[in-house]
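The structure appears below as structure tokens.
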Amino acid sequence: MLINIKDLKKQFENEKLVTKVLHGLSFVINEGEFVAIMGPSGSGKSTLMHIMGLLDRASEGKYEFADRDVTTMSDNELADLRNSKIGFVFQSFNLLARTTVLDNVKLPLTYAKDKKNIDDRARRVLEDVGLGHRLDYFTNQISGGEKQRVAIARALVNNPSIIFADEPTGNLDSKSGIQIMEILQKLNEVGNTIILVTHEIYTAEHAKRVINVRDGLIVEDRPVKNRRLAHDGDLLK
């Protein structure tokens, strides 16, 4: 068991105004799963991802990550765990401007305890996502699909236990989106745990399991029966 969540609640307070977002969610995610968390805008899925990714804290409930109770951990402990065990891929890429592809991917390694062979490690993951020929390009010189592949390489460079992909195809054309989903599927095939956050049924059905969130509650948790497989070239060797 990688993630164990029980009766998770989250509310935001602004002066006297209290906004309740998550209303008591419970589920388990095991190592090696590919899970899509799906829901419309305002459903609470992004808030849930931020808590699961240790970017935010729950207001109530229990959250165990790799058998560790993260609700009792300090901010520094959460940061160390997040940097060593979790990779993130965001819709807006979040790449450094006027910086090379290689340097963007190397960035997480500057905070890692093991700083050996940083360049080699970054080059390897870029080759894995089909960007070995773009190492010295600046991020404003590559396409949107390539930017998202850089973001995936950056998420992989610390060899994380889990990858969170938040609307990873949202800013891409359909062909580039399929390429990104193929990479995520192949990463899952070699053992990576993937959590995909999306509002699109088509994208969610590339996963193996869907957790549907609406109004801060889980309304459905099901396996994907007719799973979509992305086939658009061998991008991950």
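Labels used: A, B, ... for chains in the order of the structure tokens, numbers from 1 for residues in each chain, and numbers from 1 for ligands as shown.
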
Identify, on the basis of only C-alpha atoms, every residue whose closest approach to A:Phe34 does not exceed 8 Å; exclude the query and any residue fewer than 3 positions from it along the same chain; express the result as a PyMOL selection string. chain A and resi 188+193-196+207-209

Secondary structure check, alpha helix (DSSP H) residues of chain A, as number ranges by chain: A: 45-52, 75-85, 101-106, 118-128, 144-156, 174-189, 201-204

Set the distance at 10 Å and use only C-alpha atoms: which residues neighbour A:Asp120 once local chain neighbours fewer than 6 positions away are removed? I'd like the list as a ChimeraX atom specification. /A:102,106,126

Can you tell me, as a ChimeraX atom specification, what residues are no more than 10 Å from A:Ser161 when counting only C-alpha atoms, ignoring any on the same chain fewer than 4 positions away? /A:2,31-32,66,82,84-87,156,191-194

Would you write out those residues with C-alpha atoms, as a PDB file, in the first residue's frame?
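Written file, part00.pdb:
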```
ATOM      1  CA  LEU A   2       1.456   3.345  -1.076  1.00  0.00           C
ATOM      2  CA  GLU A  31       2.192   0.660  -5.708  1.00  0.00           C
ATOM      3  CA  GLY A  32       2.135   0.293  -9.478  1.00  0.00           C
ATOM      4  CA  ALA A  66       4.460   4.645   2.274  1.00  0.00           C
ATOM      5  CA  ARG A  82       8.127  15.282  -1.455  1.00  0.00           C
ATOM      6  CA  SER A  84      12.679  12.313  -2.785  1.00  0.00           C
ATOM      7  CA  LYS A  85       9.487  10.340  -3.427  1.00  0.00           C
ATOM      8  CA  ILE A  86       7.119  12.446  -5.580  1.00  0.00           C
ATOM      9  CA  GLY A  87       7.271  13.822  -9.112  1.00  0.00           C
ATOM     10  CA  LEU A 156      11.370  11.273 -13.192  1.00  0.00           C
ATOM     11  CA  GLY A 191       6.358  -0.085 -12.444  1.00  0.00           C
ATOM     12  CA  ASN A 192       5.765   3.617 -11.832  1.00  0.00           C
ATOM     13  CA  THR A 193       2.669   4.611  -9.857  1.00  0.00           C
ATOM     14  CA  ILE A 194       0.742   7.296 -11.758  1.00  0.00           C
TER      15      ILE A 194
END
```

Find the spatial neighbours of A:Val197, counting only C-alpha atoms, within a cut-off of 9 Å - ignore same-chain residues fewer than 6 positions away - and output them as a PyMOL selection string. chain A and resi 35-39+45-46+49+164-168+204

How would the residues just chosen look if you wrote them out with C-alpha atoms as a PDB file, in the first residue's frame?
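To be explicit, this is the file written out as part-v6.pdb:
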```pdb
ATOM      1  CA  VAL A  35      -5.364   5.977 -11.174  1.00  0.00           C
ATOM      2  CA  ALA A  36      -7.290   8.871 -12.701  1.00  0.00           C
ATOM      3  CA  ILE A  37      -8.924  11.296 -10.282  1.00  0.00           C
ATOM      4  CA  MET A  38     -11.706  12.799 -12.294  1.00  0.00           C
ATOM      5  CA  GLY A  39     -14.276  15.504 -11.704  1.00  0.00           C
ATOM      6  CA  LYS A  45      -9.901  17.016  -7.270  1.00  0.00           C
ATOM      7  CA  SER A  46      -7.034  19.543  -7.445  1.00  0.00           C
ATOM      8  CA  MET A  49      -4.011  16.156  -5.437  1.00  0.00           C
ATOM      9  CA  PHE A 164       1.176  13.189 -10.107  1.00  0.00           C
ATOM     10  CA  ALA A 165       0.062  14.494 -13.502  1.00  0.00           C
ATOM     11  CA  ASP A 166      -2.370  17.417 -13.201  1.00  0.00           C
ATOM     12  CA  GLU A 167      -4.263  17.914 -16.498  1.00  0.00           C
ATOM     13  CA  PRO A 168      -1.055  17.047 -18.425  1.00  0.00           C
ATOM     14  CA  ALA A 204      -9.202   9.351 -17.662  1.00  0.00           C
TER      15      ALA A 204
END
```

Neighbour list for A:Lys9 as number ranges by chain, cut-off 9 Å, only C-alpha atoms, skip fewer than 6 positions in-chain: A: 20-25, 58-61, 216

Taking N, CA and C atoms for each residue, export the selection above as a PDB file, in the first residue's frame.
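Saved result, result-v3.pdb, follows:
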```pdb
ATOM      1  N   LYS A  20     -15.839  24.703   2.786  1.00  0.00           N
ATOM      2  CA  LYS A  20     -15.535  23.281   2.898  1.00  0.00           C
ATOM      3  C   LYS A  20     -15.405  22.696   1.492  1.00  0.00           C
ATOM      4  N   VAL A  21     -14.262  22.051   1.240  1.00  0.00           N
ATOM      5  CA  VAL A  21     -13.954  21.559  -0.105  1.00  0.00           C
ATOM      6  C   VAL A  21     -14.009  20.035  -0.184  1.00  0.00           C
ATOM      7  N   LEU A  22     -13.409  19.344   0.779  1.00  0.00           N
ATOM      8  CA  LEU A  22     -13.430  17.889   0.830  1.00  0.00           C
ATOM      9  C   LEU A  22     -14.195  17.465   2.077  1.00  0.00           C
ATOM     10  N   HIS A  23     -15.075  16.485   1.918  1.00  0.00           N
ATOM     11  CA  HIS A  23     -16.036  16.184   2.982  1.00  0.00           C
ATOM     12  C   HIS A  23     -15.916  14.785   3.572  1.00  0.00           C
ATOM     13  N   GLY A  24     -14.713  14.227   3.564  1.00  0.00           N
ATOM     14  CA  GLY A  24     -14.526  12.920   4.171  1.00  0.00           C
ATOM     15  C   GLY A  24     -14.292  11.826   3.142  1.00  0.00           C
ATOM     16  N   LEU A  25     -13.124  11.832   2.517  1.00  0.00           N
ATOM     17  CA  LEU A  25     -12.788  10.878   1.464  1.00  0.00           C
ATOM     18  C   LEU A  25     -11.940   9.748   2.044  1.00  0.00           C
ATOM     19  N   ALA A  58      -4.305  18.401   5.014  1.00  0.00           N
ATOM     20  CA  ALA A  58      -5.727  18.201   5.266  1.00  0.00           C
ATOM     21  C   ALA A  58      -6.132  18.913   6.547  1.00  0.00           C
ATOM     22  N   SER A  59      -7.407  19.277   6.649  1.00  0.00           N
ATOM     23  CA  SER A  59      -7.936  19.864   7.882  1.00  0.00           C
ATOM     24  C   SER A  59      -8.237  18.784   8.914  1.00  0.00           C
ATOM     25  N   GLU A  60      -8.725  17.640   8.431  1.00  0.00           N
ATOM     26  CA  GLU A  60      -9.035  16.502   9.300  1.00  0.00           C
ATOM     27  C   GLU A  60      -8.783  15.215   8.530  1.00  0.00           C
ATOM     28  N   GLY A  61      -8.683  14.114   9.262  1.00  0.00           N
ATOM     29  CA  GLY A  61      -8.539  12.809   8.634  1.00  0.00           C
ATOM     30  C   GLY A  61      -7.121  12.292   8.716  1.00  0.00           C
ATOM     31  N   GLY A 216     -16.697  17.454  -3.510  1.00  0.00           N
ATOM     32  CA  GLY A 216     -15.867  17.069  -2.370  1.00  0.00           C
ATOM     33  C   GLY A 216     -16.096  15.678  -1.844  1.00  0.00           C
TER      34      GLY A 216
END
```

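If you count only C-alpha atoms and ignore residues fewer than 2 places along the chain from A:Asn140, what sits within 7 Å of it is Ala97, Arg98, Phe138 and Ile142 of chain A.
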
Next, dump the selected residues to file, keeping only N, CA and C atoms, as an mmCIF file, in the first residue's frame.
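Below is the file that was written, again.cif:
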```cif
data_model
loop_
_atom_site.group_PDB
_atom_site.id
_atom_site.type_symbol
_atom_site.label_atom_id
_atom_site.label_comp_id
_atom_site.auth_asym_id
_atom_site.auth_seq_id
_atom_site.Cartn_x
_atom_site.Cartn_y
_atom_site.Cartn_z
ATOM 1 N N ALA A 97 12.026 29.739 -17.774
ATOM 2 C CA ALA A 97 12.225 30.407 -19.063
ATOM 3 C C ALA A 97 13.704 30.731 -19.268
ATOM 4 N N ARG A 98 14.100 30.845 -20.532
ATOM 5 C CA ARG A 98 15.477 31.199 -20.902
ATOM 6 C C ARG A 98 16.489 30.279 -20.222
ATOM 7 N N PHE A 138 16.670 25.983 -25.561
ATOM 8 C CA PHE A 138 15.963 26.717 -24.519
ATOM 9 C C PHE A 138 14.480 26.355 -24.578
ATOM 10 N N ILE A 142 11.084 25.054 -28.076
ATOM 11 C CA ILE A 142 10.498 23.726 -28.290
ATOM 12 C C ILE A 142 8.970 23.818 -28.239
#
```

Find the distance between atom CA of A:Ser92 and atom CA of A:Pro40 and write it in Å to one decimal. 18.4 Å

Report, in Å to a single decimal, how far apart atom CA of A:Gly145 and atom CA of A:Ser176 are. 5.0 Å
